[in-house]
Structures are given as structure tokens and as C-alpha cells.
>>> print(open('data_8.pdb').read())   # PDB, C-alpha atoms, pLDDT in the B column
ATOM      1  CA  MET X 631     -76.760  -8.474   6.100  1.00 89.00           C
ATOM      2  CA  LEU X 632     -75.298  -9.218   9.562  1.00 95.00           C
ATOM      3  CA  GLU X 633     -72.559 -11.794  10.000  1.00 95.00           C
ATOM      4  CA  ILE X 634     -70.983 -12.625  13.350  1.00 93.00           C
ATOM      5  CA  LYS X 635     -67.859 -14.728  12.936  1.00 93.00           C
ATOM      6  CA  ASN X 636     -66.029 -16.703  15.641  1.00 92.00           C
ATOM      7  CA  LEU X 637     -66.830 -14.089  18.284  1.00 93.00           C
ATOM      8  CA  TYR X 638     -65.245 -14.286  21.727  1.00 92.00           C
ATOM      9  CA  VAL X 639     -66.262 -11.688  24.324  1.00 92.00           C
ATOM     10  CA  LYS X 640     -65.364 -11.131  27.961  1.00 89.00           C
ATOM     11  CA  LEU X 641     -66.137  -8.479  30.549  1.00 88.00           C
ATOM     12  CA  ALA X 642     -63.859  -5.482  30.057  1.00 83.00           C
ATOM     13  CA  ASP X 643     -62.826  -5.185  33.709  1.00 84.00           C
ATOM     14  CA  GLU X 644     -62.397  -8.842  34.597  1.00 82.00           C
ATOM     15  CA  ASP X 645     -61.328 -12.091  32.989  1.00 80.00           C
ATOM     16  CA  LYS X 646     -64.796 -13.604  32.591  1.00 84.00           C
ATOM     17  CA  GLN X 647     -65.682 -15.099  29.211  1.00 85.00           C
ATOM     18  CA  ILE X 648     -69.275 -14.416  28.093  1.00 88.00           C
ATOM     19  CA  LEU X 649     -69.413 -15.396  24.413  1.00 92.00           C
ATOM     20  CA  LYS X 650     -67.331 -18.252  23.009  1.00 90.00           C
ATOM     21  CA  ASP X 651     -66.917 -18.951  19.305  1.00 90.00           C
ATOM     22  CA  PHE X 652     -70.300 -17.378  18.591  1.00 93.00           C
ATOM     23  CA  ASN X 653     -71.413 -17.525  14.943  1.00 94.00           C
ATOM     24  CA  LEU X 654     -74.574 -16.164  13.335  1.00 94.00           C
ATOM     25  CA  ASN X 655     -75.523 -15.087   9.804  1.00 95.00           C
ATOM     26  CA  ILE X 656     -78.719 -13.108   9.100  1.00 96.00           C
ATOM     27  CA  ASN X 657     -79.651 -12.245   5.527  1.00 96.00           C
ATOM     28  CA  LYS X 658     -81.813  -9.396   4.248  1.00 95.00           C
ATOM     29  CA  GLY X 659     -85.474  -9.734   5.126  1.00 95.00           C
ATOM     30  CA  GLU X 660     -84.978 -12.630   7.565  1.00 96.00           C
ATOM     31  CA  ILE X 661     -86.368 -12.864  11.099  1.00 96.00           C
ATOM     32  CA  HIS X 662     -84.211 -14.790  13.559  1.00 96.00           C
ATOM     33  CA  ALA X 663     -85.041 -15.628  17.173  1.00 94.00           C
ATOM     34  CA  LEU X 664     -82.309 -16.189  19.751  1.00 94.00           C
ATOM     35  CA  MET X 665     -83.570 -18.132  22.759  1.00 90.00           C
ATOM     36  CA  GLY X 666     -81.907 -19.325  25.929  1.00 85.00           C
ATOM     37  CA  PRO X 667     -82.025 -19.281  29.732  1.00 82.00           C
ATOM     38  CA  ASN X 668     -80.970 -16.340  31.902  1.00 79.00           C
ATOM     39  CA  GLY X 669     -77.261 -15.589  32.031  1.00 79.00           C
ATOM     40  CA  THR X 670     -76.308 -17.302  28.798  1.00 78.00           C
ATOM     41  CA  GLY X 671     -75.201 -14.136  26.962  1.00 82.00           C
ATOM     42  CA  LYS X 672     -78.206 -13.264  24.785  1.00 84.00           C
ATOM     43  CA  SER X 673     -78.560  -9.640  25.892  1.00 86.00           C
ATOM     44  CA  THR X 674     -74.769  -9.352  26.051  1.00 88.00           C
ATOM     45  CA  LEU X 675     -74.714 -10.055  22.311  1.00 91.00           C
ATOM     46  CA  SER X 676     -76.985  -7.082  21.592  1.00 91.00           C
ATOM     47  CA  LYS X 677     -74.723  -4.819  23.648  1.00 92.00           C
ATOM     48  CA  VAL X 678     -71.587  -6.145  21.978  1.00 92.00           C
ATOM     49  CA  ILE X 679     -73.041  -5.463  18.525  1.00 94.00           C
ATOM     50  CA  PHE X 680     -73.280  -1.828  19.655  1.00 92.00           C
ATOM     51  CA  ASN X 681     -69.755  -1.908  21.117  1.00 92.00           C
ATOM     52  CA  ASN X 682     -70.771  -1.339  24.735  1.00 89.00           C
ATOM     53  CA  ASN X 683     -67.576  -0.523  26.645  1.00 89.00           C
ATOM     54  CA  LYS X 684     -68.448  -2.930  29.464  1.00 90.00           C
ATOM     55  CA  TYR X 685     -67.437  -5.754  27.130  1.00 90.00           C
ATOM     56  CA  LYS X 686     -64.287  -6.558  25.190  1.00 90.00           C
ATOM     57  CA  VAL X 687     -64.112  -8.523  21.951  1.00 92.00           C
ATOM     58  CA  THR X 688     -61.016 -10.705  22.210  1.00 91.00           C
ATOM     59  CA  LYS X 689     -61.485 -12.512  18.907  1.00 93.00           C
ATOM     60  CA  GLY X 690     -63.813 -12.517  15.899  1.00 93.00           C
ATOM     61  CA  ASN X 691     -65.689  -9.949  13.848  1.00 93.00           C
ATOM     62  CA  ILE X 692     -69.126  -8.375  13.417  1.00 94.00           C
ATOM     63  CA  ILE X 693     -69.832  -7.589   9.771  1.00 95.00           C
ATOM     64  CA  PHE X 694     -72.807  -5.476   8.646  1.00 96.00           C
ATOM     65  CA  GLU X 695     -73.559  -5.169   4.939  1.00 95.00           C
ATOM     66  CA  GLY X 696     -69.974  -6.163   4.159  1.00 93.00           C
ATOM     67  CA  LYS X 697     -68.444  -3.631   6.584  1.00 95.00           C
ATOM     68  CA  ASP X 698     -66.577  -4.581   9.745  1.00 94.00           C
ATOM     69  CA  ILE X 699     -68.325  -2.680  12.560  1.00 93.00           C
ATOM     70  CA  THR X 700     -66.634  -4.497  15.451  1.00 91.00           C
ATOM     71  CA  ASN X 701     -64.704  -1.434  16.630  1.00 90.00           C
ATOM     72  CA  LEU X 702     -67.003   1.386  15.540  1.00 93.00           C
ATOM     73  CA  GLN X 703     -68.452   3.744  18.138  1.00 93.00           C
ATOM     74  CA  THR X 704     -72.061   3.165  19.235  1.00 90.00           C
ATOM     75  CA  ASP X 705     -73.414   6.224  17.417  1.00 90.00           C
ATOM     76  CA  GLU X 706     -71.610   5.199  14.236  1.00 92.00           C
ATOM     77  CA  ILE X 707     -73.153   1.732  14.424  1.00 92.00           C
ATOM     78  CA  ALA X 708     -76.630   3.239  14.831  1.00 90.00           C
ATOM     79  CA  ARG X 709     -76.030   5.434  11.776  1.00 90.00           C
ATOM     80  CA  GLU X 710     -75.315   2.294   9.748  1.00 92.00           C
ATOM     81  CA  GLY X 711     -79.017   1.477  10.180  1.00 93.00           C
ATOM     82  CA  ILE X 712     -79.054  -0.850  13.211  1.00 95.00           C
ATOM     83  CA  PHE X 713     -81.676  -0.315  15.916  1.00 94.00           C
ATOM     84  CA  LEU X 714     -81.762  -1.818  19.417  1.00 93.00           C
ATOM     85  CA  SER X 715     -84.995  -2.040  21.372  1.00 90.00           C
ATOM     86  CA  ASN X 716     -83.659  -2.205  24.919  1.00 85.00           C
ATOM     87  CA  GLN X 717     -84.758  -4.766  27.472  1.00 81.00           C
ATOM     88  CA  LEU X 718     -84.850  -1.917  30.021  1.00 82.00           C
ATOM     89  CA  PRO X 719     -85.381   1.345  28.095  1.00 84.00           C
ATOM     90  CA  PRO X 720     -83.671   4.264  29.900  1.00 83.00           C
ATOM     91  CA  GLU X 721     -85.479   7.296  31.287  1.00 85.00           C
ATOM     92  CA  ILE X 722     -84.071  10.659  30.181  1.00 88.00           C
ATOM     93  CA  ASP X 723     -85.031  13.923  31.851  1.00 88.00           C
ATOM     94  CA  GLY X 724     -85.241  17.097  29.790  1.00 90.00           C
ATOM     95  CA  VAL X 725     -85.603  15.394  26.394  1.00 90.00           C
ATOM     96  CA  THR X 726     -89.016  14.594  24.955  1.00 91.00           C
ATOM     97  CA  THR X 727     -89.601  11.615  22.680  1.00 90.00           C
ATOM     98  CA  SER X 728     -90.502  14.003  19.876  1.00 92.00           C
ATOM     99  CA  ASP X 729     -87.330  16.114  20.253  1.00 91.00           C
ATOM    100  CA  PHE X 730     -85.176  13.011  20.528  1.00 90.00           C
ATOM    101  CA  LEU X 731     -86.537  11.514  17.315  1.00 91.00           C
ATOM    102  CA  ARG X 732     -86.410  14.785  15.349  1.00 90.00           C
ATOM    103  CA  THR X 733     -82.747  15.236  16.298  1.00 90.00           C
ATOM    104  CA  ALA X 734     -81.935  11.622  15.408  1.00 88.00           C
ATOM    105  CA  LEU X 735     -83.643  11.908  11.999  1.00 86.00           C
ATOM    106  CA  ASN X 736     -81.916  15.181  11.172  1.00 84.00           C
ATOM    107  CA  GLU X 737     -78.556  13.522  11.841  1.00 80.00           C
ATOM    108  CA  LYS X 738     -79.103  11.587   8.624  1.00 78.00           C
ATOM    109  CA  GLN X 739     -80.994  14.165   6.548  1.00 78.00           C
ATOM    110  CA  GLU X 740     -82.980  17.318   7.272  1.00 85.00           C
ATOM    111  CA  VAL X 741     -86.657  16.341   7.532  1.00 86.00           C
ATOM    112  CA  PRO X 742     -89.373  18.978   6.945  1.00 90.00           C
ATOM    113  CA  LEU X 743     -91.262  19.717  10.152  1.00 90.00           C
ATOM    114  CA  MET X 744     -94.710  18.769   8.823  1.00 92.00           C
ATOM    115  CA  THR X 745     -93.361  15.526   7.384  1.00 91.00           C
ATOM    116  CA  PHE X 746     -91.966  14.656  10.813  1.00 90.00           C
ATOM    117  CA  ILE X 747     -95.164  15.661  12.634  1.00 92.00           C
ATOM    118  CA  ASN X 748     -97.331  13.550  10.336  1.00 93.00           C
ATOM    119  CA  LYS X 749     -94.994  10.581  10.674  1.00 91.00           C
ATOM    120  CA  ILE X 750     -94.729  10.586  14.469  1.00 93.00           C
ATOM    121  CA  THR X 751     -98.446  11.328  14.912  1.00 92.00           C
ATOM    122  CA  LYS X 752     -99.442   8.346  12.771  1.00 93.00           C
ATOM    123  CA  ALA X 753     -96.979   6.043  14.543  1.00 93.00           C
ATOM    124  CA  SER X 754     -98.286   7.217  17.915  1.00 92.00           C
ATOM    125  CA  LYS X 755    -101.901   6.530  16.945  1.00 92.00           C
ATOM    126  CA  ASP X 756    -100.981   3.105  15.557  1.00 93.00           C
ATOM    127  CA  LEU X 757     -99.551   2.228  18.983  1.00 91.00           C
ATOM    128  CA  SER X 758    -102.611   3.583  20.864  1.00 88.00           C
ATOM    129  CA  PHE X 759    -100.477   6.187  22.628  1.00 86.00           C
ATOM    130  CA  GLU X 760    -102.192   9.039  24.461  1.00 83.00           C
ATOM    131  CA  ASP X 761    -101.781  12.361  22.659  1.00 78.00           C
ATOM    132  CA  ASP X 762     -99.288  13.836  25.130  1.00 85.00           C
ATOM    133  CA  MET X 763     -96.933  10.827  25.335  1.00 86.00           C
ATOM    134  CA  ILE X 764     -94.537  11.985  22.617  1.00 89.00           C
ATOM    135  CA  HIS X 765     -94.225  15.385  24.324  1.00 90.00           C
ATOM    136  CA  ARG X 766     -93.262  13.971  27.728  1.00 89.00           C
ATOM    137  CA  ASN X 767     -89.701  13.353  28.882  1.00 88.00           C
ATOM    138  CA  LEU X 768     -88.334  10.226  27.243  1.00 86.00           C
ATOM    139  CA  ASN X 769     -89.779   7.220  29.133  1.00 87.00           C
ATOM    140  CA  LYS X 770     -90.053   9.285  32.339  1.00 87.00           C
ATOM    141  CA  GLY X 771     -92.954   7.964  34.386  1.00 84.00           C
ATOM    142  CA  PHE X 772     -93.882   5.479  31.659  1.00 87.00           C
ATOM    143  CA  SER X 773     -95.110   2.028  32.592  1.00 85.00           C
ATOM    144  CA  GLY X 774     -93.138  -1.002  31.393  1.00 84.00           C
ATOM    145  CA  GLY X 775     -95.570  -1.511  28.532  1.00 83.00           C
ATOM    146  CA  GLU X 776     -95.477   2.172  27.530  1.00 87.00           C
ATOM    147  CA  LYS X 777     -91.686   2.063  27.398  1.00 88.00           C
ATOM    148  CA  LYS X 778     -91.776  -0.916  25.041  1.00 89.00           C
ATOM    149  CA  LYS X 779     -94.361   0.824  22.847  1.00 89.00           C
ATOM    150  CA  ASN X 780     -92.092   3.863  22.797  1.00 90.00           C
ATOM    151  CA  GLU X 781     -89.250   1.684  21.503  1.00 91.00           C
ATOM    152  CA  VAL X 782     -91.462   0.537  18.628  1.00 92.00           C
ATOM    153  CA  LEU X 783     -92.505   4.136  17.975  1.00 93.00           C
ATOM    154  CA  GLN X 784     -88.822   5.010  17.590  1.00 92.00           C
ATOM    155  CA  LEU X 785     -88.108   2.234  15.096  1.00 92.00           C
ATOM    156  CA  LYS X 786     -91.165   3.180  13.024  1.00 93.00           C
ATOM    157  CA  VAL X 787     -89.989   6.781  12.801  1.00 92.00           C
ATOM    158  CA  LEU X 788     -86.269   6.076  12.322  1.00 93.00           C
ATOM    159  CA  GLU X 789     -86.797   3.235   9.788  1.00 92.00           C
ATOM    160  CA  PRO X 790     -83.703   1.104  10.495  1.00 94.00           C
ATOM    161  CA  LYS X 791     -82.465  -1.667   8.193  1.00 95.00           C
ATOM    162  CA  PHE X 792     -81.713  -4.096  11.029  1.00 97.00           C
ATOM    163  CA  ILE X 793     -83.754  -4.397  14.237  1.00 96.00           C
ATOM    164  CA  ILE X 794     -82.716  -6.070  17.488  1.00 95.00           C
ATOM    165  CA  LEU X 795     -85.624  -6.723  19.851  1.00 94.00           C
ATOM    166  CA  ASP X 796     -84.202  -7.538  23.282  1.00 91.00           C
ATOM    167  CA  GLU X 797     -86.970  -9.014  25.474  1.00 87.00           C
ATOM    168  CA  ILE X 798     -89.555  -6.811  23.746  1.00 87.00           C
ATOM    169  CA  ASP X 799     -92.331  -8.907  25.298  1.00 85.00           C
ATOM    170  CA  SER X 800     -91.280  -8.431  28.936  1.00 81.00           C
ATOM    171  CA  GLY X 801     -93.620  -6.129  30.838  1.00 77.00           C
ATOM    172  CA  LEU X 802     -96.359  -6.352  28.215  1.00 83.00           C
ATOM    173  CA  ASP X 803     -99.898  -7.501  28.910  1.00 85.00           C
ATOM    174  CA  VAL X 804    -101.750  -9.448  26.230  1.00 88.00           C
ATOM    175  CA  ASP X 805    -103.347  -6.400  24.600  1.00 89.00           C
ATOM    176  CA  SER X 806    -100.069  -4.442  24.509  1.00 88.00           C
ATOM    177  CA  LEU X 807     -98.219  -7.445  23.112  1.00 90.00           C
ATOM    178  CA  LYS X 808    -100.714  -7.658  20.261  1.00 91.00           C
ATOM    179  CA  ILE X 809    -100.382  -3.934  19.516  1.00 91.00           C
ATOM    180  CA  VAL X 810     -96.565  -4.022  19.598  1.00 91.00           C
ATOM    181  CA  SER X 811     -96.373  -7.155  17.451  1.00 93.00           C
ATOM    182  CA  SER X 812     -98.911  -5.842  14.948  1.00 93.00           C
ATOM    183  CA  ASN X 813     -96.939  -2.618  14.512  1.00 94.00           C
ATOM    184  CA  ILE X 814     -93.674  -4.486  13.994  1.00 94.00           C
ATOM    185  CA  ASN X 815     -95.304  -6.815  11.455  1.00 95.00           C
ATOM    186  CA  ASP X 816     -96.805  -3.837   9.600  1.00 94.00           C
ATOM    187  CA  TYR X 817     -93.397  -2.185   9.507  1.00 93.00           C
ATOM    188  CA  LEU X 818     -91.807  -5.327   8.075  1.00 95.00           C
ATOM    189  CA  LYS X 819     -94.496  -5.576   5.373  1.00 94.00           C
ATOM    190  CA  ASP X 820     -93.569  -2.069   4.243  1.00 93.00           C
ATOM    191  CA  HIS X 821     -89.796  -2.663   4.611  1.00 94.00           C
ATOM    192  CA  LYS X 822     -89.299  -6.113   3.162  1.00 93.00           C
ATOM    193  CA  ASP X 823     -85.467  -5.997   3.216  1.00 95.00           C
ATOM    194  CA  THR X 824     -85.370  -5.220   6.947  1.00 95.00           C
ATOM    195  CA  SER X 825     -83.941  -8.008   9.113  1.00 96.00           C
ATOM    196  CA  VAL X 826     -84.828  -8.756  12.724  1.00 96.00           C
ATOM    197  CA  LEU X 827     -83.121 -10.481  15.637  1.00 96.00           C
ATOM    198  CA  ILE X 828     -85.556 -11.314  18.453  1.00 95.00           C
ATOM    199  CA  ILE X 829     -83.918 -12.106  21.800  1.00 93.00           C
ATOM    200  CA  THR X 830     -86.281 -13.878  24.181  1.00 89.00           C
ATOM    201  CA  HIS X 831     -86.698 -16.532  26.870  1.00 81.00           C
ATOM    202  CA  TYR X 832     -90.160 -17.644  25.857  1.00 78.00           C
ATOM    203  CA  PRO X 833     -91.899 -18.403  22.540  1.00 82.00           C
ATOM    204  CA  ARG X 834     -94.901 -16.165  23.318  1.00 84.00           C
ATOM    205  CA  ILE X 835     -93.692 -13.252  21.164  1.00 89.00           C
ATOM    206  CA  LEU X 836     -92.888 -15.704  18.347  1.00 91.00           C
ATOM    207  CA  GLU X 837     -96.564 -16.588  18.073  1.00 90.00           C
ATOM    208  CA  TYR X 838     -97.121 -13.036  16.812  1.00 92.00           C
ATOM    209  CA  ILE X 839     -93.850 -12.308  14.979  1.00 93.00           C
ATOM    210  CA  LYS X 840     -93.048 -15.575  13.231  1.00 93.00           C
ATOM    211  CA  PRO X 841     -89.315 -16.215  12.828  1.00 95.00           C
ATOM    212  CA  ASP X 842     -87.686 -17.822   9.821  1.00 95.00           C
ATOM    213  CA  PHE X 843     -85.029 -19.342  12.078  1.00 95.00           C
ATOM    214  CA  VAL X 844     -84.763 -20.113  15.790  1.00 93.00           C
ATOM    215  CA  HIS X 845     -81.437 -20.517  17.605  1.00 92.00           C
ATOM    216  CA  VAL X 846     -80.928 -21.967  21.073  1.00 91.00           C
ATOM    217  CA  MET X 847     -78.068 -20.408  23.025  1.00 88.00           C
ATOM    218  CA  THR X 848     -76.443 -21.710  26.193  1.00 87.00           C
ATOM    219  CA  ASP X 849     -72.964 -21.329  27.654  1.00 85.00           C
ATOM    220  CA  GLY X 850     -72.164 -18.364  25.390  1.00 87.00           C
ATOM    221  CA  LYS X 851     -72.764 -20.020  22.022  1.00 87.00           C
ATOM    222  CA  ILE X 852     -75.507 -21.344  19.758  1.00 90.00           C
ATOM    223  CA  LYS X 853     -76.209 -25.017  20.443  1.00 88.00           C
ATOM    224  CA  GLU X 854     -79.037 -25.697  17.979  1.00 88.00           C
ATOM    225  CA  SER X 855     -80.695 -23.940  15.039  1.00 92.00           C
ATOM    226  CA  GLY X 856     -83.977 -24.755  13.373  1.00 91.00           C
ATOM    227  CA  SER X 857     -87.420 -23.524  12.367  1.00 89.00           C
ATOM    228  CA  TYR X 858     -90.282 -22.172  14.495  1.00 88.00           C
ATOM    229  CA  GLU X 859     -90.966 -25.711  15.701  1.00 87.00           C
ATOM    230  CA  LEU X 860     -87.735 -25.534  17.703  1.00 88.00           C
ATOM    231  CA  ALA X 861     -89.309 -22.782  19.841  1.00 86.00           C
ATOM    232  CA  LEU X 862     -92.269 -25.052  20.557  1.00 84.00           C
ATOM    233  CA  LYS X 863     -89.858 -27.802  21.575  1.00 86.00           C
ATOM    234  CA  ILE X 864     -88.216 -25.405  24.035  1.00 82.00           C
ATOM    235  CA  GLU X 865     -91.600 -24.499  25.477  1.00 79.00           C
ATOM    236  CA  GLU X 866     -92.274 -28.182  26.128  1.00 76.00           C
ATOM    237  CA  LYS X 867     -88.882 -29.454  27.269  1.00 79.00           C
ATOM    238  CA  GLY X 868     -86.865 -26.422  28.404  1.00 75.00           C
ATOM    239  CA  TYR X 869     -83.108 -25.858  27.938  1.00 75.00           C
ATOM    240  CA  GLU X 870     -81.572 -28.611  30.067  1.00 74.00           C
ATOM    241  CA  GLU X 871     -80.578 -30.872  27.171  1.00 74.00           C
ATOM    242  CA  TYR X 872     -78.511 -28.092  25.562  1.00 73.00           C
ATOM    243  CA  LYS X 873     -76.177 -27.499  28.463  1.00 67.00           C
ATOM    244  CA  ASN X 874     -72.679 -28.687  27.579  1.00 59.00           C
ATOM    245  CA  SER X 875     -73.990 -30.212  24.335  1.00 56.00           C
ATOM    246  CA  ALA X 876     -72.371 -29.937  20.913  1.00 51.00           C
ATOM    247  CA  ASN X 877     -73.769 -27.677  18.199  1.00 52.00           C
ATOM    248  CA  LYS X 878     -76.423 -29.173  15.939  1.00 47.00           C
ATOM    249  CA  ILE X 879     -78.884 -28.157  13.237  1.00 40.00           C
ATOM    250  CA  SER X 880     -82.519 -29.218  13.377  1.00 40.00           C
ATOM    251  CA  GLU X 881     -84.262 -30.471  10.289  1.00 33.00           C
TER     252      GLU X 881
END
>>> encode(input="data_8.pdb", output="C-alpha cells")
Amino acid sequence: MLEIKNLYVKLADEDKQILKDFNLNINKGEIHALMGPNGTGKSTLSKVIFNNNKYKVTKGNIIFEGKDITNLQTDEIAREGIFLSNQLPPEIDGVTTSDFLRTALNEKQEVPLMTFINKITKASKDLSFEDDMIHRNLNKGFSGGEKKKNEVLQLKVLEPKFIILDEIDSGLDVDSLKIVSSNINDYLKDHKDTSVLIITHYPRILEYIKPDFVHVMTDGKIKESGSYELALKIEEKGYEEYKNSANKISE
């Protein structure tokens, strides 16, 4: 579904390399976790997939469902069916969550009002949102946990084919983490071809959303790939052994 081939990325306004010969292939229905220390380029990857203009691809390609999306505009990439749950969801004055989602849905196909109301109301209840949350300005005055729940609300309503969860667990207490994870798992049960890329520092979220593959990233590239047990190894030993090491695949 998503293939990243020999990707090199630097900052657009300075000669600083962020990603170096980065390669990743995610098939339909797979859950992949990308782990690594701060500053290694994990969140940069999510922004580059969406062609954020702060970054410049100097080499390589991003292919989604057989189509090269490397140079598409951000809105075009979203319309392909890719969703990004932001590490720091933005606050937007003057636009309610409900209005934002109705507009986004109608970009693809006109949705009857009652169908939309029923859909967003159910998603809101599933996430234990207060009744007025979807009618407030987007993320304005929301707590960190409420913002992350609002990201999951959006993906449940928009129904993307590929989901990127960038630090979805940051700012969540234990109860909110369980609610968020449960809603994502329920979504994936109902959308079995949907693929997920989880970007995280810690394996906590992976206890709830079990990945098929775990990748360790340092110095702008993947250094090791393996199963869920690799995340447990990271929890025990940290990332030190991967710095300046060659790529390898765990059994």
C-alpha cells in the first residue's frame, strides 16, 4: 500500500540532512511501529509523506497504492486516503469540529445530513466526549488528551485507508489511552484493509495496538526491523546500540 524507496530529505532552507536512504514497505492491513529517540527523523517522515514545505526530498520516492505521491500537494495526498494524527494537533478558531468534518467529507461525496449526524454522534460517544465538544472550535481550549481523542474522532468519521499515528500516546492518561486504543482497534476490525504506521518513543501504546512489525530508527534511517518483541527489547536496553550501526533484520 505505501512504499518509501531510497528517500533522502533535508530541511528546505538549509543544508541539513534529516532522512538518509530511508526505505519502508507497508502492505494492506498491516500495522507497523516506527520507534527511535528524539531528533532521529520519525515525525519528519510523517510530514514528508504529506509534502510539508519545510522539507525537501532530494532523492527517492513515496508510492501509495502504486501512485507516486512524492510531489503532490498536501490536500491531494489527504484525498488519496491518508490520514495523519498530529503529535501536536493545531487549534483553529472559528471552525467547529463538526463543520470541519462535514466539509472534509463533502469534498469526496455529498453526505446526507442525518447520516453525518448519526456518524459523528456515535463516534463522539465511543470516545466518551462531552456532548458539546464537536460543536466547539477545533481543539480550542481542549486538553492534550481531548485533542488526541479528537484526532481519533476525525479518522473514524473520515474513514481513511492509511493512518499515521504520530505520538498518539503523548499527553494521554491511562484511561484515555485505553479509550483511544480501543477505538482505533474497533475501527481496524471494521476496516480490515486499512494500514497503520505508529510513530512512538515508547512501547506503551503497542501494548494496546499490537503491531505486525517494529522498526528502530536512528540517524535518519531504519537500523533494525522485527516483531513486537523488538519493542520490548528497546524498553529494556534503549537505543544506544543502534547508533552508527548497520541495518539488520531481527528473527
>>> resolve_selection(input="data_8.pdb", expression="the PyMOL selection byres ((chain X and resi 738) around 12)", output="ChimeraX atom specification")
/X:705-706,708-711,731-737,739-741,788-790
>>> closest_residue(input="data_8.pdb", among="X:Asp842, X:Asp756, X:Asp698, X:Asp805", to="Ile656 in chain X", atoms="all atoms listed in the file")
X:Asp842
>>> atom_distance(input="data_8.pdb", atom1="CA of Asn691 in chain X", atom2="CA of Leu664 in chain X")
18.7 Å
>>> residues_around(input="data_8.pdb", residues="Leu718 in chain X", least_positions_apart="3", cutoff="12 Å", atoms="all atoms listed in the file", output="PyMOL selection string")
chain X and resi 673+714-715+721+769+772-778+780-781+795-801
>>> residues_near_point(input="data_8.pdb", point="(-93.7, -16.6, 19.4)", cutoff="12 Å", atoms="all atoms listed in the file", output="mmCIF file with C-alpha atoms, in the frame of the given file")
data_model
loop_
_atom_site.group_PDB
_atom_site.id
_atom_site.type_symbol
_atom_site.label_atom_id
_atom_site.label_comp_id
_atom_site.auth_asym_id
_atom_site.auth_seq_id
_atom_site.Cartn_x
_atom_site.Cartn_y
_atom_site.Cartn_z
ATOM 1 C CA ILE X 661 -86.368 -12.864 11.099
ATOM 2 C CA HIS X 662 -84.211 -14.790 13.559
ATOM 3 C CA ALA X 663 -85.041 -15.628 17.173
ATOM 4 C CA LEU X 664 -82.309 -16.189 19.751
ATOM 5 C CA MET X 665 -83.570 -18.132 22.759
ATOM 6 C CA GLU X 797 -86.970 -9.014 25.474
ATOM 7 C CA ILE X 798 -89.555 -6.811 23.746
ATOM 8 C CA ASP X 799 -92.331 -8.907 25.298
ATOM 9 C CA LEU X 807 -98.219 -7.445 23.112
ATOM 10 C CA LYS X 808 -100.714 -7.658 20.261
ATOM 11 C CA SER X 811 -96.373 -7.155 17.451
ATOM 12 C CA ILE X 828 -85.556 -11.314 18.453
ATOM 13 C CA ILE X 829 -83.918 -12.106 21.800
ATOM 14 C CA THR X 830 -86.281 -13.878 24.181
ATOM 15 C CA HIS X 831 -86.698 -16.532 26.870
ATOM 16 C CA TYR X 832 -90.160 -17.644 25.857
ATOM 17 C CA PRO X 833 -91.899 -18.403 22.540
ATOM 18 C CA ARG X 834 -94.901 -16.165 23.318
ATOM 19 C CA ILE X 835 -93.692 -13.252 21.164
ATOM 20 C CA LEU X 836 -92.888 -15.704 18.347
ATOM 21 C CA GLU X 837 -96.564 -16.588 18.073
ATOM 22 C CA TYR X 838 -97.121 -13.036 16.812
ATOM 23 C CA ILE X 839 -93.850 -12.308 14.979
ATOM 24 C CA LYS X 840 -93.048 -15.575 13.231
ATOM 25 C CA PRO X 841 -89.315 -16.215 12.828
ATOM 26 C CA ASP X 842 -87.686 -17.822 9.821
ATOM 27 C CA PHE X 843 -85.029 -19.342 12.078
ATOM 28 C CA VAL X 844 -84.763 -20.113 15.790
ATOM 29 C CA SER X 857 -87.420 -23.524 12.367
ATOM 30 C CA TYR X 858 -90.282 -22.172 14.495
ATOM 31 C CA GLU X 859 -90.966 -25.711 15.701
ATOM 32 C CA LEU X 860 -87.735 -25.534 17.703
ATOM 33 C CA ALA X 861 -89.309 -22.782 19.841
ATOM 34 C CA LEU X 862 -92.269 -25.052 20.557
ATOM 35 C CA ILE X 864 -88.216 -25.405 24.035
ATOM 36 C CA GLU X 865 -91.600 -24.499 25.477
#
>>> resolve_selection(input="data_8.pdb", expression="the PyMOL selection byres ((chain X and resi 640-645) around 6)", output="list in words")
Val639, Lys646, Gln647, Ile648, Lys684, Tyr685 and Lys686 of chain X
>>> write_last_selection(input="data_8.pdb", atoms="C-alpha atoms", output="mmCIF file, keeping the file's coordinate frame")
data_model
loop_
_atom_site.group_PDB
_atom_site.id
_atom_site.type_symbol
_atom_site.label_atom_id
_atom_site.label_comp_id
_atom_site.auth_asym_id
_atom_site.auth_seq_id
_atom_site.Cartn_x
_atom_site.Cartn_y
_atom_site.Cartn_z
ATOM 1 C CA VAL X 639 -66.262 -11.688 24.324
ATOM 2 C CA LYS X 646 -64.796 -13.604 32.591
ATOM 3 C CA GLN X 647 -65.682 -15.099 29.211
ATOM 4 C CA ILE X 648 -69.275 -14.416 28.093
ATOM 5 C CA LYS X 684 -68.448 -2.930 29.464
ATOM 6 C CA TYR X 685 -67.437 -5.754 27.130
ATOM 7 C CA LYS X 686 -64.287 -6.558 25.190
#
>>> residues_around(input="data_8.pdb", residues="His821 in chain X", least_positions_apart="6", cutoff="12 Å", atoms="all atoms listed in the file", output="VMD selection string")
chain X and resid 658 to 660 785 to 786 789 to 793 814 to 815
>>> resolve_selection(input="data_8.pdb", expression="the PyMOL selection byres ((chain X and resi 633) around 9)", output="list of chain:residue names")
X:Met631, X:Leu632, X:Ile634, X:Lys635, X:Asn653, X:Leu654, X:Asn655, X:Ile656, X:Asn657, X:Asn691, X:Ile692, X:Ile693, X:Phe694, X:Glu695, X:Gly696
>>> write_last_selection(input="data_8.pdb", atoms="C-alpha atoms", output="PDB file, keeping the file's coordinate frame")
ATOM      1  CA  MET X 631     -76.760  -8.474   6.100  1.00 89.00           C
ATOM      2  CA  LEU X 632     -75.298  -9.218   9.562  1.00 95.00           C
ATOM      3  CA  ILE X 634     -70.983 -12.625  13.350  1.00 93.00           C
ATOM      4  CA  LYS X 635     -67.859 -14.728  12.936  1.00 93.00           C
ATOM      5  CA  ASN X 653     -71.413 -17.525  14.943  1.00 94.00           C
ATOM      6  CA  LEU X 654     -74.574 -16.164  13.335  1.00 94.00           C
ATOM      7  CA  ASN X 655     -75.523 -15.087   9.804  1.00 95.00           C
ATOM      8  CA  ILE X 656     -78.719 -13.108   9.100  1.00 96.00           C
ATOM      9  CA  ASN X 657     -79.651 -12.245   5.527  1.00 96.00           C
ATOM     10  CA  ASN X 691     -65.689  -9.949  13.848  1.00 93.00           C
ATOM     11  CA  ILE X 692     -69.126  -8.375  13.417  1.00 94.00           C
ATOM     12  CA  ILE X 693     -69.832  -7.589   9.771  1.00 95.00           C
ATOM     13  CA  PHE X 694     -72.807  -5.476   8.646  1.00 96.00           C
ATOM     14  CA  GLU X 695     -73.559  -5.169   4.939  1.00 95.00           C
ATOM     15  CA  GLY X 696     -69.974  -6.163   4.159  1.00 93.00           C
TER      16      GLY X 696
END
>>> atom_distance(input="data_8.pdb", atom1="CA of Gly771 in chain X", atom2="CA of Ser754 in chain X")
17.3 Å
>>> atom_distance(input="data_8.pdb", atom1="CA of Leu702 in chain X", atom2="CA of Asn681 in chain X")
7.0 Å
>>> closest_residue(input="data_8.pdb", among="X:Phe730, X:Tyr817, X:Tyr638, X:Phe652", to="His765 in chain X", atoms="only C-alpha atoms")
X:Phe730
>>> closest_residue(input="data_8.pdb", among="X:Asp723, X:Leu743, X:Gln717, X:Lys755", to="Leu802 in chain X", atoms="only C-alpha atoms")
X:Gln717
